[in-house]
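A short write-up of the structure that comes next.
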There are 2 protein chains.
Amino acid sequence: MKDIAAELNLSITTVSFVINGKSEQKGISEATTKKVNDLIQKRGFNPNSAARILRTGKSQTIGLIVEDISNYFFGYIAKTVETEAHKNGYNVFFSSTENDDNTAKVLINKMKNSSVDGYIITATKGIKEELEKLNREKIPFVLLDRLIPGIEANYVILDNYLGAYELTKHLLQNGYSKIGFITILGGMSQMCDRERGFEEALAKANVRLPAKTVLKIPFGETDENNIKTIKKYLANNPNLDALFFATNYLGVLGIEAIQQAKLSVPSDIAVVCFDDNDMFRLLSPSITVASQPIKEIATRAIDLLIKIINKEQKEDKKNGEIINPSIIIRESSARNKTYKLEEASKN
Amino acid sequence: MKDIAAELNLSITTVSFVINGKSEQKGISEATTKKVNDLIQKRGFNPNSAARILRTGKSQTIGLIVEDISNYFFGYIAKTVETEAHKNGYNVFFSSTENDDNTAKVLINKMKNSSVDGYIITATKGIKEELEKLNREKIPFVLLDRLIPGIEANYVILDNYLGAYELTKHLLQNGYSKIGFITILGGMSQMCDRERGFEEALAKANVRLPAKTVLKIPFGETDENNIKTIKKYLANNPNLDALFFATNYLGVLGIEAIQQAKLSVPSDIAVVCFDDNDMFRLLSPSITVASQPIKEIATRAIDLLIKIINKEQKEDKKNGEIINPSIIIRESSARNKTYKLEEASKN
DNA sequence: GTGAAAGCGCTAACAG
DNA sequence: CTGTTAGCGCTTTCAC
């Protein structure tokens, strides 16, 4: 910057104003502005962002903390967040927590050092304190996909209850009533809401299931072990006529388990799953799902965050957005042709 | 830092030395060191990284530029890079190019402003100049997945030629010789290598195909249009007995097109694809693939980059690593029921 | 063993 | 309309 100023016989201030687009505001002549801009172009000058951050305290960077970037849902979230962030002049730091509290905490602090201007966070269970600290320090963040009870926060989440409720209702209407529910152990809010939706749909239909038909799989196990667990569960619950997978990666594992157990879908067992992806659509039979409008979720989250950063939104007035899922009915939950609705409802 | 120093009646220098783990080297007493560390812990003090970057010129950040973070291949690359980077004390900036030159250029420059210490780049075709500039400025980078002709660079890529050659050989050995090859238009080195592998395997077997059996699909079209294109291609080439998809997302689209065209795999047409994923494994019939050891590729790339950043590697001695793919034979390329999968996979 | 002080590149208040 | 200047928080040389 100094060089530019020297070369044009201008003060550093002038150059700085031009760079920051304050020519007009500061009453700098068009000619000067142009001269400066041209030279900047020619020299390929880039303002040093470290200095700028140091001076302004703003890094034009947002931190994105997801559960697992290699999961399609989060990958697509990340892509959308990034695109939208760039549109608004922000860079994105991303990281995966692998659902580990400690990793999440470390990440939040690491990003804080890097002076991110705000966060989008898919929380893990035990980071309440960190979030409270962010609130105290007035560092903006938006919770995505899941909430932490007792935390005042801006958030964008899906109506998980509704999705699970409808998916379950769909199964019931198609004559499946002995439904196994496979979810994550120690799940966060989104998982609890899905379970609640499932249970209330059953309750409303006066269907009662033994508790053991809910299978909770710990996070972080190997795929192989999880498949084994699901296979064992299937063997122990031979009377089930449908399975509800509460999240996409469990669905994938479940399908593998079902294949290995040589069960036919849906004639032996129907399948529905939360979250859609290419695979569920192309599989034969294709899988009925509750689909999340991922792009919308991500866009809303980043837009909300940027609004907060720019103080267009009052700090103390938190804002929550709840997005509706859509149920996509496919082959995996269609009864076979000979099936009679009356018979099933006897159970 | 100033506060810490003041509170302990020490100079800022001393505190700085302790923070940077130079107590010993600088001959600071154990007692002092401990006192400082304890207070830092208690206060939750975090050194301001902007200031540090400004002073040292090192940001402990690496930039990861991929084609599309929502693609499983790149998502998994990102996850691995990130994990490995954190292990080494680095943060990761990531971005997707969507295979667009201009985006890629902008990203490289944006990251340069943010003083990344180095890059991992999946190049687009027209960023030769940018890379040359990086070389001139001695900013370390590692090319991943694909090369740019005429650029001196460190790189980690797959042996794409070999993968395609073997995949084609497999088809030929199983009696498929009228093989359609579906790839990206204007593809980068990795795509060219795959095509070359395909062609040379055919040539070696003395199989000659009309040119029109190679279909090149432009990047950036909608999925719908691409599926239409593939369907039209299938209709125009009814004599094909196998399809070779040169990359995973084309394979997915292709499978959808094949389903829509009501063709049976492999009896009507066999299918093989580059890159593996859950879907190809679980589909029925499952898809034969050339699988990339993604984790290894990512790990090698980040390790190589860090080595270069730390000057453990001479700047002017570029280092290239070529990783071997493995061929995973599945149902989609089995001739008919009498064909034995086990036999084939022995290789 | 420890401290003083310069300066990284930029912004912005203030002074002309 | 433009220039002077302080200072953001840290590292590091040099001095004691």
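Ligands are numbered from 1 in the order shown, chains are lettered A, B, ... in the order of the structure tokens, and residues start at 1 in each chain.
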Exercise. Quick one: everything within 9 Å of stretch 64-72 of chain B, counting only C-alpha atoms (C1' of nucleotides), minus sequence neighbours fewer than 2 positions away in the same chain. Send it as a count of residues only.
Key: 41
Quiz item: Once chain B is best-fit onto chain A by all Cα atoms in order, what RMSD in Å is left?
Solution: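 With chain B fitted onto chain A, the C-alpha RMSD reads 3.0 Å.
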Using only C-alpha atoms (C1' of nucleotides), what does the table of chain D residues within 12 Å of chain B look like, with each row giving the shortest atom pair and its distance in Å to one decimal, sorted by chain and ascending number, as a Markdown table?
| residue | atom | partner | partner_atom | distance |
| --- | --- | --- | --- | --- |
| D:DC8 | C1' | B:Ala51 | CA | 7.9 |
| D:DG9 | C1' | B:Ala51 | CA | 5.1 |
| D:DC10 | C1' | B:Ala51 | CA | 5.1 |
| D:DT11 | C1' | B:Arg55 | CA | 6.3 |
| D:DT12 | C1' | B:Thr13 | CA | 8.7 |
| D:DT13 | C1' | B:Thr13 | CA | 11.4 |
Exercise. Name all residues at most 8 Å from B:Ile182 (count only C-alpha atoms (C1' of nucleotides); drop same-chain ones fewer than 2 positions away) and give them as number ranges by chain.
Key: B: 180, 184, 214-217, 243-246, 250
Preceding selection exported with C-alpha atoms as a PDB file, in the first residue's frame:
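Below you can see part-v9.pdb, which holds the result:
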ATOM      1  CA  GLY B 180     -19.451 -47.111 -24.573  1.00  0.00           C
ATOM      2  CA  ILE B 184     -16.596 -35.200 -19.171  1.00  0.00           C
ATOM      3  CA  VAL B 214     -17.346 -42.032 -26.688  1.00  0.00           C
ATOM      4  CA  LEU B 215     -19.796 -39.605 -25.129  1.00  0.00           C
ATOM      5  CA  LYS B 216     -18.471 -36.372 -23.653  1.00  0.00           C
ATOM      6  CA  ILE B 217     -20.752 -34.506 -21.335  1.00  0.00           C
ATOM      7  CA  LEU B 243     -20.778 -48.806 -20.459  1.00  0.00           C
ATOM      8  CA  PHE B 244     -17.704 -47.321 -18.850  1.00  0.00           C
ATOM      9  CA  PHE B 245     -18.433 -44.216 -16.762  1.00  0.00           C
ATOM     10  CA  ALA B 246     -15.299 -42.204 -16.270  1.00  0.00           C
ATOM     11  CA  LEU B 250     -21.618 -39.615 -14.318  1.00  0.00           C
TER      12      LEU B 250
END
Self-check item: 12 Å contact set for D:DC16, only C-alpha atoms (C1' of nucleotides), chain neighbours under 4 positions out, as a PyMOL selection string
Solution: chain C and resi 1-4
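Residue-level contact on chain C: within 12 Å of chain A, counting only C-alpha atoms (C1' of nucleotides), the set is DC8, DG9, DC10, DT11, DA12 and DA13 of chain C.
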Next, the residues of the selection above should be written as an mmCIF file, in the first residue's frame with C-alpha atoms (C1' of nucleotides).
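The resulting again.cif:
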data_model
loop_
_atom_site.group_PDB
_atom_site.id
_atom_site.type_symbol
_atom_site.label_atom_id
_atom_site.label_comp_id
_atom_site.auth_asym_id
_atom_site.auth_seq_id
_atom_site.Cartn_x
_atom_site.Cartn_y
_atom_site.Cartn_z
ATOM 1 C "C1'" DC C 8 4.593 -6.253 10.759
ATOM 2 C "C1'" DG C 9 0.452 -3.460 7.186
ATOM 3 C "C1'" DC C 10 -3.390 -1.458 7.793
ATOM 4 C "C1'" DT C 11 -7.431 1.876 9.438
ATOM 5 C "C1'" DA C 12 -9.418 5.977 10.910
ATOM 6 C "C1'" DA C 13 -9.560 9.922 13.962
#
Quiz prompt | Two-atom distance - atom CA of B:Ile157, atom CA of B:Ser189 (Å) | solution =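 The value is 10.0 Å.
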